[in-house]
Amino acid sequence: GRDSEKKYVLPQASPGDIASWLGKYDRGALEPSVRSERPPLSNDGRAVKIVVASTFDEMVLDAGKDVFIEFYAPWCNHCKALAPIYQNVGEAFEDDDDVTIAKFDAVNNDVPDKRFVVKGYPALYYYDASEDEVVQYKGDRSEKDMIRFVRARLKRHQVKDEL
């Protein structure tokens with residue numbers, strides 16, 4: 001069946017336009033509407049990269065490397081408390097070409113991939129690029145534990161590469 005969470009926008013239209021639009025919908029010829037903030041002009045120099053819905057595929061799924069990503073809400077106090085800790089995690093991996101540390105405002109952007117289930121904030125996930133696998137982080141929200149988690153995920157690649 002169709003993904004019921006996708007949204008499709010029909011601009012103001014005449015009855016003929018509506019019939020045409022419905023025909024395109026039935027044929028699967030419409031692009032879903034995705035709410036997205038504008039991406040930052042540049043992520044250069046940021047230890048924690050900013051991902052928005054329109055850059056999600058490029059920066060997460062198609063980046064060719066692993067991504068540890070925080071889905072947050074701007075109003076969430078737990079997210080605000082995590083921000084400086086997560087920044088330190090980003091700085092710990094800033095020069096690592098195998099992983100990106102990123103964040104995603106899940107209030108002002110639609111989450112484009114339903115494997116990233118955001119039911120509360122913050123939600124932390126690790127995207128393993130070589131396996132196309134999404135793993136939810138369930139450890140402590142401490143710098144030490146998050147860094148240990150990312151290093152352990154990266155080490156899995158090194159072991160596989162050596163085999």
# chains A, B, ... in the order shown; residues from 1 in each chain; ligands from 1
$ closest_atom_pairs --of "segment 11-117 of chain A" --to "segment 151-155 of chain A" --cutoff "9 Å" --atoms "only C-alpha atoms" --output "CSV"
residue,atom,partner,partner_atom,distance
A:Asp66,CA,A:Leu154,CA,8.1
A:Asp98,CA,A:Leu154,CA,7.6
A:Val99,CA,A:Leu154,CA,7.8
$ residues_around --residues "segment 135-150 of chain A" --least-positions-apart "5" --cutoff "7 Å" --atoms "only C-alpha atoms" --output "ChimeraX atom specification"
/A:85-86,88-89,124-127
$ select_by_dssp --residues "chain A" --states "alpha helix (DSSP H)" --output "PDB file with C-alpha atoms, in the first residue's frame"
ATOM      1  CA  PRO A  15     -12.403  20.989 -11.391  1.00  0.00           C
ATOM      2  CA  GLY A  16     -10.402  19.849 -14.446  1.00  0.00           C
ATOM      3  CA  ASP A  17      -7.136  20.460 -12.598  1.00  0.00           C
ATOM      4  CA  ILE A  18      -8.420  18.405  -9.671  1.00  0.00           C
ATOM      5  CA  ALA A  19      -9.298  15.474 -11.940  1.00  0.00           C
ATOM      6  CA  SER A  20      -5.853  15.658 -13.552  1.00  0.00           C
ATOM      7  CA  TRP A  21      -4.155  15.844 -10.138  1.00  0.00           C
ATOM      8  CA  LEU A  22      -6.109  12.821  -8.861  1.00  0.00           C
ATOM      9  CA  GLY A  23      -5.121  10.877 -11.986  1.00  0.00           C
ATOM     10  CA  LYS A  24      -1.456  11.681 -11.366  1.00  0.00           C
ATOM     11  CA  TYR A  25      -1.868  10.640  -7.724  1.00  0.00           C
ATOM     12  CA  ASP A  26      -3.394   7.299  -8.760  1.00  0.00           C
ATOM     13  CA  ARG A  27      -0.498   6.675 -11.188  1.00  0.00           C
ATOM     14  CA  PHE A  56      18.549  14.579   4.363  1.00  0.00           C
ATOM     15  CA  ASN A  77      14.679  21.271  27.601  1.00  0.00           C
ATOM     16  CA  HIS A  78      16.325  17.825  27.356  1.00  0.00           C
ATOM     17  CA  CYS A  79      17.588  18.820  23.891  1.00  0.00           C
ATOM     18  CA  LYS A  80      18.892  22.137  25.215  1.00  0.00           C
ATOM     19  CA  ALA A  81      20.729  20.301  28.006  1.00  0.00           C
ATOM     20  CA  LEU A  82      22.207  17.869  25.469  1.00  0.00           C
ATOM     21  CA  ALA A  83      23.396  20.599  23.058  1.00  0.00           C
ATOM     22  CA  PRO A  84      26.822  21.357  24.624  1.00  0.00           C
ATOM     23  CA  ILE A  85      27.471  17.645  25.233  1.00  0.00           C
ATOM     24  CA  TYR A  86      26.536  16.781  21.650  1.00  0.00           C
ATOM     25  CA  GLN A  87      28.733  19.637  20.413  1.00  0.00           C
ATOM     26  CA  ASN A  88      31.669  17.984  22.210  1.00  0.00           C
ATOM     27  CA  VAL A  89      30.817  14.675  20.536  1.00  0.00           C
ATOM     28  CA  GLY A  90      30.873  16.485  17.186  1.00  0.00           C
ATOM     29  CA  GLU A  91      34.256  18.001  17.977  1.00  0.00           C
ATOM     30  CA  ALA A  92      35.625  14.565  18.922  1.00  0.00           C
ATOM     31  CA  GLU A 143      29.708  12.620  26.071  1.00  0.00           C
ATOM     32  CA  LYS A 144      31.729   9.555  27.073  1.00  0.00           C
ATOM     33  CA  ASP A 145      28.978   7.048  26.270  1.00  0.00           C
ATOM     34  CA  MET A 146      28.040   8.619  22.938  1.00  0.00           C
ATOM     35  CA  ILE A 147      31.692   8.754  21.831  1.00  0.00           C
ATOM     36  CA  ARG A 148      32.149   5.128  22.911  1.00  0.00           C
ATOM     37  CA  PHE A 149      29.031   4.142  20.923  1.00  0.00           C
ATOM     38  CA  VAL A 150      30.211   5.902  17.741  1.00  0.00           C
ATOM     39  CA  ARG A 151      33.714   4.414  18.042  1.00  0.00           C
ATOM     40  CA  ALA A 152      32.250   0.926  18.515  1.00  0.00           C
ATOM     41  CA  ARG A 153      30.086   1.340  15.406  1.00  0.00           C
ATOM     42  CA  LEU A 154      33.090   2.563  13.402  1.00  0.00           C
ATOM     43  CA  LYS A 155      35.218  -0.330  14.664  1.00  0.00           C
ATOM     44  CA  ARG A 156      32.709  -2.784  13.172  1.00  0.00           C
ATOM     45  CA  HIS A 157      33.702  -1.465   9.715  1.00  0.00           C
ATOM     46  CA  GLN A 158      37.404  -1.881  10.405  1.00  0.00           C
ATOM     47  CA  VAL A 159      36.890  -5.499  11.466  1.00  0.00           C
ATOM     48  CA  LYS A 160      34.796  -6.228   8.347  1.00  0.00           C
ATOM     49  CA  ASP A 161      37.371  -4.505   6.108  1.00  0.00           C
ATOM     50  CA  GLU A 162      40.131  -6.683   7.565  1.00  0.00           C
TER      51      GLU A 162
END
$ closest_residue --among "A:Asp44, A:Glu31, A:Asp62, A:Glu37" --to "Ala129 of chain A" --atoms "only C-alpha atoms"
A:Asp62
$ residues_around --residues "Ile50 of chain A" --least-positions-apart "5" --cutoff "10 Å" --atoms "only C-alpha atoms" --output "list in words"
Pro39, Pro40, Ser42, Asn43, Thr55, Phe56, Met59, Ile69, Glu70, Ile101, Ala102, Lys103, Phe104 and Asp105 of chain A
